[in-house]
Amino acid sequence: MTTPCEVRVLGQLAVIFADGREPVTKFRTKKSAQLLAYLALHAGKAHAREFLIELLWPDTEPATGRNNLSMALSMLKRQLEPAGGKSLFDASHTTIQLSHEGIGVDAQRFGALVKRGLHTRLDAAERHTALTEALALWAPPLPGIYDDWAIEQQVRLEALAEQAREALECLPAPEPTAPVDPTPVVAPASSLPVAFSRFLGREQERVALAEQLQTARLVTLLGPGGVGKTRLALEVARASQEQKAFIRVAFASLAELPLPSLILPTLRRTLTDAPPAPDPLAQLVAVLNEIPGRVLIVLDNLEHLLPAENKDEGSDDEEKSRFGPARIVRQLLEACPNLVILATSRQPLGVEGEQQVAVEPLVGATGVELFVDRARAVRPDFTLHAGNQAEIEAICTLLDGLPLAIELAAAWVRVLTLPELRERLEKEVLWLEGRRRDLNPRQKSLEATLRWSWQLLSVEQKRLLSALSVFRGGWTLDAIESVHRSPDTLDLLYNLVDKSLVVVEQTSASTRFRLLETIRQFASERLDESGERDATHNRQAIFFLGLLSQLKDQLRGAGLKAALDSLEAEHDNFRAILRRPHDENRLTLVGRLARFWLIRGHFSEGREYLGKALDEAGSTALPLERALALLGLGSLERSQSDYVAARLHLEEALAIYRAKDEAPLMAGVLQHLGVIAQEQKELTQAQSYFEEALGIYREKGQTISIANQLNSLGVVFSDQSEFTKARAYLEESFDLNRAIGDDHQSSINLVNLGVLAAKQGDLKTAKIHFERSLTIQREFGDLRGIVGLLSNLSLIAFHQEDYAEGKRLNQEVLRLQSQIGNQRGVANSLWFHGGLCRVQGDWNQAVLFWSTATAFRERLGIAQLPKESADHPQELCDARTTLGKVAFEAAWEEGRQLSREDVVARVLR
């Protein structure tokens, strides 16, 4: 620094002193800071006081304005001028300006250097040096000041910086000079950039990172754009400075540097005010080694300065290798044993000893807290309460928990309600754009920050990322290799992971990959632009159809759980495929997915897809494909007690299979028709269906299916009170299932053996069977089975007079029955709750719930069990006697009028 002090308007407004005083970065009022900034940007010119009043206080009375200007000038003088020292301002009764002597302005130095660098009569090396020095000074000017005069200056200086960048790119980089032993200049005290908003959450990350910096020499914070790498690095650096973990903490933003050769000049300016030496690296090393203690440097935003992995990524790779951050970091660390570097980047530096730390998106309450805090900045009356918490949580989820996205979205509460904001984000998230004028251009919108990453990719990496956008919920390596057919797919995928664009999720058994939804939407738009969407969709559909073919046999037998888990992991991909119009594989896909939907409880969703596929295919469908879809649709309809529709579709499937002489497939339909007959207490008909199916399976020698039919017949005989025969069938089925290793079917045998034991009064044995089966069913995620077992256990608790446990279990049953849409199960659960009310003496509530359950059953056409047929009239008769006719009929009528939602809510209270 060649002047006693310098006003810096490039970046955060500050005044730096040559005499060693602490820099001033915080001013007593916002207006005093603006006054200083304006005078600095127009240094050398006197400004009329009336003009400055109109500029800074346009809406005040003249007398008030004059007083405000005098107070602001007085504050600056007291804060900046040493006692007895020379004034930094030349002020008269009519004008004010910065002093002609002793004050420098970085913007003026910047402008002079750019002017010199653009002078075509100078040689290339001299011009390169001037432009390099200019851009080393550069930072977006006057952040946080939005007045028209400030915006005008910001635009002017940005245009000047752009001229410098363009000119520098056209000049060859000078050859490095030989190392020299410069006289070191002790670095002046410096401050990290001022934070204008609260930092929320990440407490564990901050503690862990601070501890890591005590032992590591190089730590790189990695993550996608907008995840909060820079802010986390600054908070950790600031805390380290306050705790004196380092004697010096410095921050260097590299985001605006167009070329790697500007890194060393930028670091020099960060660490010292000495003029540039012939060898900037040697100069930096000398300065760092002169500092008597540990030094932390934060290098922010490195990714665009790293050399590319592929040849087509840019022609400046030679310069990036010679002057790039990886080489500079290594050289500094080797030469300066007291130095620690904390870097932020979207990809690693690739330097030996580098410790990589992934910065994850915000989850849970922290994201909500951030949204509320930033919303209050634009709407001070905004509060978090029970009525809006779910909406805010949904918004944060839609935004992948990215802090930048959450902050951009929160600013919109000024003009949109939360439901309106969520609705827009559900359609697309890339429209989010910040309204603040001081935002870095690549952080003004999600689109901009993602485009920054996109521009750093090779052609093949862009093509792969675009293809990945067709996946939902993640993918396996096999899946992407089938969609992106290239021998380099794995290497390209690794590069995208390295650049924080693809997330890796590993378990002990497998590795899956996924895109954040914000990145997926951006990549999807690029896929549209490429014209490859249809071909990519077709390859994806073929792969997943093949996956269903591979898992077909596993869906029945010992491999069931693994097959179900695989399909669950890919369920979002299947959904994406099925939502597309005109997919020629749709009917085949839904037919093969039906068993998965049946076991995992996706009844309503499966019915929707199957119904739509059948309607679209119409008469053009191949008969066997249509029959498979009809079978799947009928099984799901049966599970939701829609027996009329189920019979219709199953009987059509049965007719097709009979006509095609597909005996094993025909037997599968008979099984489902038998269950419908059994649940409607048409036990003779049910037995006939099961026995016909069993005969087919015995003839074909299909052990798995034989075991299933034996189980079904055992249940029928149990319902007919033929307990000895029932036990024989059930135990034979259980032994077969155990022999073939089918744990899922074995658990179903245990259920029915438990029911048989309960009917014979052995509740202890029944409970043991139910609990063993429940453990297995939970492992398989079989919602139908889980619900049935919880229901059975609630009945046992009731008979053992443990009414509190019975109520708890029944509430869980009712939640699950409502979730999967099983109306018959809802009705049964409501009747049971009425029984709990009765034994606790609340006859009025008992009648209400019995009435609602009866109304539901009547609408569904559900027959009562034999025992219910005997017990229910007596229960109702007892209720009528206890309450009296008038009160009984009033409660009965009230129950019949209740909606399902209302009555379920009453039970769950």
# chains A, B, ... in the order shown; residues from 1 in each chain; ligands from 1
>>> closest_atom_pairs(of="range 134-178 of chain A", to="range 103-111 of chain A", cutoff="8 Å", atoms="only C-alpha atoms", output="tab-separated table")
residue	atom	partner	partner_atom	distance
A:Ala134	CA	A:Phe110	CA	5.0
A:Leu135	CA	A:Phe110	CA	7.7
A:Leu137	CA	A:Phe110	CA	6.5
A:Trp138	CA	A:Phe110	CA	7.4
A:Leu160	CA	A:Gly111	CA	7.5
>>> select_by_dssp(residues="range 525-684 of chain A", states="helix (DSSP H, G or I)", output="ChimeraX atom specification")
/A:525-530,533-551,560-569,571-579,586-600,603-620,623-639,643-659,663-679,683-684
>>> closest_residue(among="A:Arg586, A:Arg838, A:Gln800, A:Phe471", to="His571 in chain A", atoms="only C-alpha atoms")
A:Phe471
>>> select_by_dssp(residues="range 261-341 of chain A", states="strand (DSSP E)", output="list in words")
Val295, Leu296, Ile297, Val298, Leu299, Asp300, Leu339, Val340 and Ile341 of chain A
>>> residues_around(residues="Arg485 in chain A", least_positions_apart="4", cutoff="10 Å", atoms="only C-alpha atoms", output="VMD selection string")
chain A and resid 464 480 to 481 489 539
>>> residues_around(residues="Arg346 in chain A", least_positions_apart="2", cutoff="8 Å", atoms="only C-alpha atoms", output="short mmCIF file (atom, residue, chain, number, x, y, z; two decimals) with N, CA, C and O atoms, in the first residue's frame")
data_model
loop_
_atom_site.label_atom_id
_atom_site.label_comp_id
_atom_site.auth_asym_id
_atom_site.auth_seq_id
_atom_site.Cartn_x
_atom_site.Cartn_y
_atom_site.Cartn_z
N LEU A 222 -16.85 -30.56 -0.17
CA LEU A 222 -17.40 -30.92 -1.48
C LEU A 222 -18.92 -30.93 -1.43
O LEU A 222 -19.52 -31.25 -0.40
N GLY A 223 -19.53 -30.62 -2.54
CA GLY A 223 -20.98 -30.69 -2.63
C GLY A 223 -21.48 -29.93 -3.83
O GLY A 223 -20.75 -29.15 -4.44
N PRO A 224 -22.74 -30.14 -4.20
CA PRO A 224 -23.31 -29.45 -5.35
C PRO A 224 -23.47 -27.97 -5.08
O PRO A 224 -23.41 -27.51 -3.93
N GLY A 225 -23.68 -27.20 -6.13
CA GLY A 225 -23.88 -25.77 -5.97
C GLY A 225 -25.09 -25.49 -5.10
O GLY A 225 -26.14 -26.12 -5.25
N ASN A 301 -14.29 -21.86 -3.95
CA ASN A 301 -14.73 -22.07 -5.34
C ASN A 301 -13.57 -22.33 -6.30
O ASN A 301 -13.13 -21.46 -7.04
N LEU A 302 -13.12 -23.58 -6.28
CA LEU A 302 -11.95 -23.96 -7.08
C LEU A 302 -12.29 -24.72 -8.36
O LEU A 302 -11.45 -24.85 -9.24
N GLU A 303 -13.51 -25.26 -8.43
CA GLU A 303 -13.77 -26.29 -9.43
C GLU A 303 -13.50 -25.87 -10.86
O GLU A 303 -13.01 -26.66 -11.67
N THR A 344 -13.11 -25.07 -0.79
CA THR A 344 -14.47 -25.45 -1.17
C THR A 344 -14.49 -25.66 -2.67
O THR A 344 -13.89 -24.89 -3.43
N PRO A 348 -12.99 -32.70 -5.99
CA PRO A 348 -11.75 -32.70 -5.22
C PRO A 348 -10.59 -32.09 -6.00
O PRO A 348 -10.59 -32.06 -7.24
N ASP A 498 -17.57 -37.25 -8.68
CA ASP A 498 -16.47 -36.39 -8.25
C ASP A 498 -16.87 -34.92 -8.29
O ASP A 498 -16.41 -34.12 -7.47
N LYS A 499 -17.71 -34.56 -9.27
CA LYS A 499 -18.12 -33.16 -9.43
C LYS A 499 -19.36 -32.83 -8.62
O LYS A 499 -19.98 -31.77 -8.81
N SER A 500 -19.75 -33.71 -7.69
CA SER A 500 -20.88 -33.48 -6.77
C SER A 500 -22.21 -33.36 -7.48
O SER A 500 -23.13 -32.72 -6.99
#
>>> atom_distance(atom1="CA of Glu691 in chain A", atom2="CA of Asn749 in chain A")
17.8 Å
>>> residues_around(residues="range 560-565 of chain A", least_positions_apart="2", cutoff="12 Å", atoms="only C-alpha atoms", output="PyMOL selection string")
chain A and resi 509-510+547-558+567-571+593-601+741-745+776-782
>>> write_last_selection(atoms="N, CA, C and O atoms", output="short mmCIF file (atom, residue, chain, number, x, y, z; two decimals), in the first residue's frame")
data_model
loop_
_atom_site.label_atom_id
_atom_site.label_comp_id
_atom_site.auth_asym_id
_atom_site.auth_seq_id
_atom_site.Cartn_x
_atom_site.Cartn_y
_atom_site.Cartn_z
N ALA A 509 -24.72 -54.54 0.71
CA ALA A 509 -25.06 -55.44 -0.40
C ALA A 509 -24.95 -54.79 -1.77
O ALA A 509 -24.71 -55.49 -2.76
N SER A 510 -25.13 -53.46 -1.86
CA SER A 510 -25.20 -52.87 -3.20
C SER A 510 -24.86 -51.39 -3.16
O SER A 510 -24.78 -50.78 -2.09
N LEU A 547 -35.69 -56.68 -15.89
CA LEU A 547 -35.53 -56.91 -14.45
C LEU A 547 -36.72 -57.69 -13.89
O LEU A 547 -36.55 -58.62 -13.09
N LEU A 548 -37.92 -57.33 -14.32
CA LEU A 548 -39.11 -58.08 -13.88
C LEU A 548 -39.05 -59.53 -14.33
O LEU A 548 -39.46 -60.44 -13.59
N SER A 549 -38.56 -59.77 -15.53
CA SER A 549 -38.43 -61.15 -16.01
C SER A 549 -37.44 -61.93 -15.15
O SER A 549 -37.68 -63.10 -14.80
N GLN A 550 -36.32 -61.28 -14.77
CA GLN A 550 -35.32 -61.95 -13.92
C GLN A 550 -35.89 -62.31 -12.55
O GLN A 550 -35.54 -63.33 -11.97
N LEU A 551 -36.78 -61.45 -12.04
CA LEU A 551 -37.29 -61.64 -10.67
C LEU A 551 -38.58 -62.46 -10.63
O LEU A 551 -39.11 -62.72 -9.55
N LYS A 552 -39.07 -62.86 -11.80
CA LYS A 552 -40.36 -63.52 -11.86
C LYS A 552 -40.43 -64.75 -10.95
O LYS A 552 -41.37 -64.89 -10.14
N ASP A 553 -39.45 -65.63 -11.04
CA ASP A 553 -39.48 -66.85 -10.23
C ASP A 553 -39.22 -66.55 -8.75
O ASP A 553 -39.77 -67.21 -7.86
N GLN A 554 -38.37 -65.52 -8.47
CA GLN A 554 -38.06 -65.19 -7.08
C GLN A 554 -39.28 -64.64 -6.34
O GLN A 554 -39.33 -64.68 -5.11
N LEU A 555 -40.25 -64.09 -7.09
CA LEU A 555 -41.43 -63.53 -6.44
C LEU A 555 -42.32 -64.61 -5.83
O LEU A 555 -43.30 -64.29 -5.16
N ARG A 556 -42.00 -65.84 -6.08
CA ARG A 556 -42.70 -66.96 -5.44
C ARG A 556 -41.67 -67.94 -4.95
O ARG A 556 -41.02 -68.62 -5.74
N GLY A 557 -41.45 -67.95 -3.64
CA GLY A 557 -40.49 -68.90 -3.10
C GLY A 557 -39.49 -68.23 -2.18
O GLY A 557 -39.70 -67.15 -1.64
N ALA A 558 -38.34 -68.90 -2.03
CA ALA A 558 -37.36 -68.49 -1.03
C ALA A 558 -36.75 -67.13 -1.33
O ALA A 558 -36.28 -66.44 -0.42
N LEU A 567 -37.58 -54.54 -6.14
CA LEU A 567 -38.65 -53.81 -6.80
C LEU A 567 -39.04 -52.56 -6.03
O LEU A 567 -39.39 -51.53 -6.63
N GLU A 568 -38.97 -52.62 -4.70
CA GLU A 568 -39.26 -51.43 -3.90
C GLU A 568 -38.25 -50.33 -4.20
O GLU A 568 -38.60 -49.15 -4.32
N ALA A 569 -36.99 -50.72 -4.31
CA ALA A 569 -35.93 -49.73 -4.61
C ALA A 569 -36.16 -49.08 -5.97
O ALA A 569 -35.81 -47.91 -6.17
N GLU A 570 -36.75 -49.82 -6.90
CA GLU A 570 -36.96 -49.30 -8.26
C GLU A 570 -38.38 -48.82 -8.49
O GLU A 570 -38.74 -48.47 -9.62
N HIS A 571 -39.18 -48.76 -7.43
CA HIS A 571 -40.60 -48.45 -7.62
C HIS A 571 -40.80 -47.09 -8.30
O HIS A 571 -41.65 -46.92 -9.17
N LEU A 593 -45.88 -56.48 -12.31
CA LEU A 593 -45.72 -55.75 -11.05
C LEU A 593 -46.83 -56.04 -10.05
O LEU A 593 -46.71 -55.69 -8.86
N ALA A 594 -47.91 -56.65 -10.49
CA ALA A 594 -49.10 -56.77 -9.65
C ALA A 594 -48.82 -57.50 -8.33
O ALA A 594 -49.34 -57.11 -7.28
N ARG A 595 -48.03 -58.57 -8.37
CA ARG A 595 -47.77 -59.30 -7.12
C ARG A 595 -46.99 -58.44 -6.13
O ARG A 595 -47.24 -58.50 -4.92
N PHE A 596 -46.06 -57.66 -6.63
CA PHE A 596 -45.34 -56.73 -5.76
C PHE A 596 -46.31 -55.75 -5.11
O PHE A 596 -46.27 -55.50 -3.91
N TRP A 597 -47.18 -55.15 -5.92
CA TRP A 597 -48.15 -54.20 -5.37
C TRP A 597 -49.06 -54.88 -4.34
O TRP A 597 -49.41 -54.29 -3.33
N LEU A 598 -49.40 -56.13 -4.60
CA LEU A 598 -50.29 -56.86 -3.71
C LEU A 598 -49.64 -57.09 -2.35
O LEU A 598 -50.25 -56.82 -1.30
N ILE A 599 -48.42 -57.56 -2.33
CA ILE A 599 -47.76 -57.90 -1.07
C ILE A 599 -47.37 -56.64 -0.30
O ILE A 599 -47.53 -56.57 0.93
N ARG A 600 -46.85 -55.64 -1.01
CA ARG A 600 -46.37 -54.44 -0.33
C ARG A 600 -47.48 -53.41 -0.06
O ARG A 600 -47.22 -52.32 0.43
N GLY A 601 -48.71 -53.75 -0.39
CA GLY A 601 -49.83 -52.90 0.01
C GLY A 601 -50.08 -51.68 -0.86
O GLY A 601 -50.77 -50.75 -0.44
N GLY A 741 -37.89 -73.49 1.93
CA GLY A 741 -37.30 -72.23 2.39
C GLY A 741 -38.14 -71.00 2.12
O GLY A 741 -37.61 -69.89 2.05
N ASP A 742 -39.46 -71.18 2.01
CA ASP A 742 -40.35 -70.04 1.75
C ASP A 742 -40.84 -69.47 3.08
O ASP A 742 -41.90 -69.85 3.61
N ASP A 743 -40.08 -68.54 3.64
CA ASP A 743 -40.43 -67.99 4.95
C ASP A 743 -41.72 -67.20 4.92
O ASP A 743 -42.47 -67.17 5.91
N HIS A 744 -41.99 -66.53 3.81
CA HIS A 744 -43.20 -65.73 3.73
C HIS A 744 -44.45 -66.58 3.84
O HIS A 744 -45.36 -66.30 4.64
N GLN A 745 -44.50 -67.66 3.06
CA GLN A 745 -45.67 -68.55 3.13
C GLN A 745 -45.72 -69.28 4.46
O GLN A 745 -46.80 -69.54 4.99
N ILE A 776 -41.79 -62.06 10.95
CA ILE A 776 -41.43 -62.40 9.57
C ILE A 776 -42.11 -61.44 8.59
O ILE A 776 -41.49 -60.95 7.64
N GLN A 777 -43.39 -61.16 8.84
CA GLN A 777 -44.14 -60.30 7.92
C GLN A 777 -43.55 -58.88 7.88
O GLN A 777 -43.53 -58.23 6.84
N ARG A 778 -43.08 -58.41 9.02
CA ARG A 778 -42.45 -57.07 9.03
C ARG A 778 -41.17 -57.09 8.19
O ARG A 778 -40.85 -56.10 7.52
N GLU A 779 -40.42 -58.18 8.24
CA GLU A 779 -39.20 -58.28 7.43
C GLU A 779 -39.53 -58.19 5.95
O GLU A 779 -38.78 -57.59 5.17
N PHE A 780 -40.65 -58.77 5.55
CA PHE A 780 -41.05 -58.78 4.14
C PHE A 780 -41.80 -57.50 3.75
O PHE A 780 -42.00 -57.25 2.57
N GLY A 781 -42.22 -56.71 4.73
CA GLY A 781 -42.98 -55.51 4.43
C GLY A 781 -44.35 -55.81 3.87
O GLY A 781 -44.89 -55.03 3.09
N ASP A 782 -44.94 -56.95 4.28
CA ASP A 782 -46.26 -57.37 3.79
C ASP A 782 -47.33 -56.66 4.61
O ASP A 782 -47.69 -57.11 5.71
#
>>> atom_distance(atom1="CA of Ile519 in chain A", atom2="CA of Leu408 in chain A")
15.9 Å
>>> closest_residue(among="A:Ser261, A:Ile796, A:Ala14, A:Ser746", to="Ala766 in chain A", atoms="only C-alpha atoms")
A:Ile796
